[in-house]
$ cat entry.pdb   # PDB, C-alpha atoms, pLDDT in the B column
ATOM      1  CA  MET L   1      84.086  93.258 -10.836  1.00 81.00           C
ATOM      2  CA  GLU L   2      85.304  89.653 -10.986  1.00 85.00           C
ATOM      3  CA  ALA L   3      87.387  88.920 -14.074  1.00 87.00           C
ATOM      4  CA  GLY L   4      88.305  85.462 -15.302  1.00 92.00           C
ATOM      5  CA  VAL L   5      91.775  86.683 -16.283  1.00 97.00           C
ATOM      6  CA  ARG L   6      93.901  89.589 -15.055  1.00 98.00           C
ATOM      7  CA  VAL L   7      96.589  91.113 -17.282  1.00 98.00           C
ATOM      8  CA  ASP L   8      98.906  93.470 -15.389  1.00 98.00           C
ATOM      9  CA  THR L   9     101.082  95.640 -17.624  1.00 98.00           C
ATOM     10  CA  SER L  10     102.098  98.144 -14.937  1.00 98.00           C
ATOM     11  CA  GLY L  11     105.261  99.979 -15.912  1.00 98.00           C
ATOM     12  CA  ALA L  12     104.911  99.228 -19.624  1.00 98.00           C
ATOM     13  CA  LEU L  13     104.077 101.874 -22.210  1.00 96.00           C
ATOM     14  CA  CYS L  14     102.090 101.766 -25.443  1.00 95.00           C
ATOM     15  CA  PRO L  15     101.752  99.469 -27.326  1.00 97.00           C
ATOM     16  CA  VAL L  16     102.522  96.801 -24.686  1.00 98.00           C
ATOM     17  CA  PRO L  17      99.175  96.911 -22.785  1.00 98.00           C
ATOM     18  CA  ILE L  18      97.179  96.382 -25.996  1.00 98.00           C
ATOM     19  CA  LEU L  19      99.565  93.719 -27.268  1.00 98.00           C
ATOM     20  CA  GLU L  20      99.276  91.833 -23.970  1.00 98.00           C
ATOM     21  CA  ILE L  21      95.472  91.902 -23.831  1.00 98.00           C
ATOM     22  CA  ALA L  22      95.323  90.827 -27.480  1.00 98.00           C
ATOM     23  CA  LYS L  23      97.644  87.903 -26.705  1.00 98.00           C
ATOM     24  CA  ALA L  24      95.551  86.901 -23.685  1.00 97.00           C
ATOM     25  CA  MET L  25      92.279  87.111 -25.650  1.00 97.00           C
ATOM     26  CA  ARG L  26      93.515  84.684 -28.316  1.00 96.00           C
ATOM     27  CA  ARG L  27      93.541  81.789 -25.837  1.00 95.00           C
ATOM     28  CA  LEU L  28      90.245  82.561 -24.062  1.00 97.00           C
ATOM     29  CA  ALA L  29      86.700  81.378 -24.648  1.00 97.00           C
ATOM     30  CA  PRO L  30      84.092  83.858 -25.896  1.00 97.00           C
ATOM     31  CA  GLY L  31      82.387  85.690 -23.047  1.00 97.00           C
ATOM     32  CA  THR L  32      85.441  85.630 -20.767  1.00 97.00           C
ATOM     33  CA  LEU L  33      85.963  88.842 -18.807  1.00 98.00           C
ATOM     34  CA  VAL L  34      89.522  90.184 -18.767  1.00 98.00           C
ATOM     35  CA  GLU L  35      90.831  92.853 -16.395  1.00 98.00           C
ATOM     36  CA  LEU L  36      93.669  94.938 -17.860  1.00 98.00           C
ATOM     37  CA  VAL L  37      95.791  96.994 -15.444  1.00 98.00           C
ATOM     38  CA  SER L  38      98.187  99.636 -16.736  1.00 98.00           C
ATOM     39  CA  THR L  39     100.101 102.695 -15.617  1.00 98.00           C
ATOM     40  CA  ASP L  40     100.069 104.079 -19.185  1.00 98.00           C
ATOM     41  CA  ARG L  41      97.556 106.923 -19.363  1.00 96.00           C
ATOM     42  CA  GLY L  42      97.175 106.235 -23.070  1.00 97.00           C
ATOM     43  CA  LEU L  43      95.080 103.207 -22.137  1.00 98.00           C
ATOM     44  CA  GLU L  44      92.069 105.514 -21.680  1.00 97.00           C
ATOM     45  CA  ALA L  45      92.054 106.115 -25.444  1.00 98.00           C
ATOM     46  CA  ASP L  46      93.763 102.949 -26.683  1.00 98.00           C
ATOM     47  CA  LEU L  47      91.548 100.334 -25.033  1.00 98.00           C
ATOM     48  CA  PRO L  48      88.202 101.710 -26.300  1.00 98.00           C
ATOM     49  CA  ALA L  49      89.692 102.059 -29.796  1.00 98.00           C
ATOM     50  CA  TRP L  50      91.023  98.490 -29.702  1.00 98.00           C
ATOM     51  CA  CYS L  51      87.641  97.173 -28.542  1.00 98.00           C
ATOM     52  CA  ASP L  52      85.884  99.020 -31.363  1.00 98.00           C
ATOM     53  CA  ALA L  53      88.344  97.592 -33.888  1.00 98.00           C
ATOM     54  CA  THR L  54      88.130  93.998 -32.614  1.00 98.00           C
ATOM     55  CA  GLY L  55      84.471  93.738 -31.608  1.00 98.00           C
ATOM     56  CA  ASN L  56      85.289  92.946 -27.982  1.00 98.00           C
ATOM     57  CA  GLU L  57      83.086  94.657 -25.393  1.00 98.00           C
ATOM     58  CA  LEU L  58      84.573  97.347 -23.161  1.00 98.00           C
ATOM     59  CA  VAL L  59      82.597  96.736 -19.986  1.00 98.00           C
ATOM     60  CA  ARG L  60      84.154  99.457 -17.832  1.00 98.00           C
ATOM     61  CA  MET L  61      87.186 101.726 -17.444  1.00 98.00           C
ATOM     62  CA  GLU L  62      88.336 103.389 -14.249  1.00 98.00           C
ATOM     63  CA  ARG L  63      91.326 105.120 -12.764  1.00 97.00           C
ATOM     64  CA  ARG L  64      92.780 103.947  -9.450  1.00 96.00           C
ATOM     65  CA  GLY L  65      95.456 106.410  -8.415  1.00 97.00           C
ATOM     66  CA  SER L  66      98.280 105.988 -10.921  1.00 97.00           C
ATOM     67  CA  HIS L  67      96.679 102.895 -12.484  1.00 98.00           C
ATOM     68  CA  TYR L  68      94.148 102.597 -15.281  1.00 98.00           C
ATOM     69  CA  VAL L  69      91.924  99.534 -15.194  1.00 98.00           C
ATOM     70  CA  GLY L  70      89.730  98.258 -17.988  1.00 98.00           C
ATOM     71  CA  TRP L  71      87.414  95.266 -18.137  1.00 98.00           C
ATOM     72  CA  VAL L  72      86.864  93.687 -21.550  1.00 98.00           C
ATOM     73  CA  ARG L  73      84.544  90.811 -22.454  1.00 98.00           C
ATOM     74  CA  LYS L  74      85.743  88.635 -25.311  1.00 98.00           C
ATOM     75  CA  ALA L  75      83.439  88.728 -28.326  1.00 97.00           C
ATOM     76  CA  GLY L  76      81.777  85.662 -29.728  1.00 92.00           C
TER
END

$ encode --input "entry.pdb" --output "structure tokens"
Amino acid sequence: MEAGVRVDTSGALCPVPILEIAKAMRRLAPGTLVELVSTDRGLEADLPAWCDATGNELVRMERRGSHYVGWVRKAG
């Protein structure tokens, strides 16, 4: 999946991955696809919850070895 922006928070724990994607989203146009990479297993629960709370679309989540990857499309 080709994202317009990639946010890599590998090595950081909650709440850093969500804070970093939120920061990235603020400067992006609606419809932009963002790829979030994390080693924090909490992302599996945190990212869907954040998307529900913000109205952004969780396009897909997957696990790649020790990494969790989520694709989010900015609302609007």

$ atom_distance --input "entry.pdb" --atom1 "CA of Ser10 in chain L" --atom2 "CA of Val37 in chain L"
6.4 Å

$ closest_residue --input "entry.pdb" --among "L:Gly76, L:Pro30, L:Gly70, L:Gly65" --to "Trp50 in chain L" --atoms "only C-alpha atoms"
L:Gly70

$ residues_around --input "entry.pdb" --residues "Leu28 in chain L" --least-positions-apart "5" --cutoff "10 Å" --atoms "all atoms listed in the file" --output "number ranges by chain"
L: 4-5, 23, 33-34, 74

$ closest_residue --input "entry.pdb" --among "L:Val16, L:Met1, L:Ala75, L:Met25" --to "Leu43 in chain L" --atoms "only C-alpha atoms"
L:Val16

$ atom_distance --input "entry.pdb" --atom1 "CA of Thr54 in chain L" --atom2 "CA of Leu36 in chain L"
15.8 Å

$ closest_residue --input "entry.pdb" --among "L:Asp40, L:Glu2, L:Glu35, L:Glu62" --to "Ile21 in chain L" --atoms "only C-alpha atoms"
L:Glu35

$ residues_near_point --input "entry.pdb" --point "(97.7, 91.5, -19.2)" --cutoff "6 Å" --atoms "all atoms listed in the file" --output "list in words"
Arg6, Val7, Asp8, Thr9, Glu20, Ile21 and Leu36 of chain L

$ closest_residue --input "entry.pdb" --among "L:Ala45, L:Ser38, L:Asp52, L:Ala29" --to "Arg64 in chain L" --atoms "all atoms listed in the file"
L:Ser38

$ closest_residue --input "entry.pdb" --among "L:Ala3, L:Ala22, L:Val69, L:Leu13" --to "Cys51 in chain L" --atoms "all atoms listed in the file"
L:Ala22

$ atom_distance --input "entry.pdb" --atom1 "CA of Gly42 in chain L" --atom2 "CA of Val59 in chain L"
17.7 Å

$ closest_residue --input "entry.pdb" --among "L:Thr32, L:Ala24, L:Gly11, L:Ala53" --to "Ser66 in chain L" --atoms "all atoms listed in the file"
L:Gly11

$ resolve_selection --input "entry.pdb" --expression "the PyMOL selection byres ((chain L and resi 58) around 7)" --output "ChimeraX atom specification"
/L:48,51,56-57,59-60,71-73

$ axis_aligned_box --input "entry.pdb" --around "range 23-33 of chain L" --padding-each-side "8 Å" --output "AutoDock Vina command-line options"
--center_x 90.0 --center_y 85.1 --center_z -23.6 --size_x 31.3 --size_y 23.5 --size_z 25.5

$ decode --input "entry.pdb" --residues "range 38-71 of chain L" --atoms "C-alpha atoms" --output "PDB file, in the first residue's frame"
ATOM      1  CA  SER L  38       5.610   0.898  15.558  1.00  0.00           C
ATOM      2  CA  THR L  39       7.168  -1.784  17.716  1.00  0.00           C
ATOM      3  CA  ASP L  40       4.618  -1.102  20.487  1.00  0.00           C
ATOM      4  CA  ARG L  41       2.078  -3.927  20.522  1.00  0.00           C
ATOM      5  CA  GLY L  42      -0.426  -1.537  22.065  1.00  0.00           C
ATOM      6  CA  LEU L  43      -0.825   0.024  18.625  1.00  0.00           C
ATOM      7  CA  GLU L  44      -3.233  -2.794  17.699  1.00  0.00           C
ATOM      8  CA  ALA L  45      -5.746  -1.360  20.183  1.00  0.00           C
ATOM      9  CA  ASP L  46      -4.644   2.280  20.296  1.00  0.00           C
ATOM     10  CA  LEU L  47      -4.758   3.103  16.584  1.00  0.00           C
ATOM     11  CA  PRO L  48      -8.332   1.869  15.956  1.00  0.00           C
ATOM     12  CA  ALA L  49      -9.498   3.709  19.090  1.00  0.00           C
ATOM     13  CA  TRP L  50      -7.758   6.913  17.984  1.00  0.00           C
ATOM     14  CA  CYS L  51      -9.305   6.653  14.513  1.00  0.00           C
ATOM     15  CA  ASP L  52     -12.763   6.181  16.022  1.00  0.00           C
ATOM     16  CA  ALA L  53     -12.247   9.212  18.262  1.00  0.00           C
ATOM     17  CA  THR L  54     -10.912  11.484  15.499  1.00  0.00           C
ATOM     18  CA  GLY L  55     -12.967  10.366  12.500  1.00  0.00           C
ATOM     19  CA  ASN L  56      -9.904   9.341  10.496  1.00  0.00           C
ATOM     20  CA  GLU L  57     -10.242   6.101   8.528  1.00  0.00           C
ATOM     21  CA  LEU L  58      -8.228   3.058   9.582  1.00  0.00           C
ATOM     22  CA  VAL L  59      -7.581   1.490   6.193  1.00  0.00           C
ATOM     23  CA  ARG L  60      -5.569  -1.522   7.352  1.00  0.00           C
ATOM     24  CA  MET L  61      -3.484  -2.924  10.212  1.00  0.00           C
ATOM     25  CA  GLU L  62      -0.915  -5.688   9.958  1.00  0.00           C
ATOM     26  CA  ARG L  63       1.935  -7.217  11.875  1.00  0.00           C
ATOM     27  CA  ARG L  64       5.349  -7.625  10.247  1.00  0.00           C
ATOM     28  CA  GLY L  65       7.540  -9.599  12.614  1.00  0.00           C
ATOM     29  CA  SER L  66       8.150  -7.331  15.600  1.00  0.00           C
ATOM     30  CA  HIS L  67       6.551  -4.323  13.877  1.00  0.00           C
ATOM     31  CA  TYR L  68       2.937  -3.204  13.759  1.00  0.00           C
ATOM     32  CA  VAL L  69       1.912  -1.208  10.710  1.00  0.00           C
ATOM     33  CA  GLY L  70      -1.259   0.795  10.285  1.00  0.00           C
ATOM     34  CA  TRP L  71      -2.516   2.833   7.352  1.00  0.00           C
TER      35      TRP L  71
END
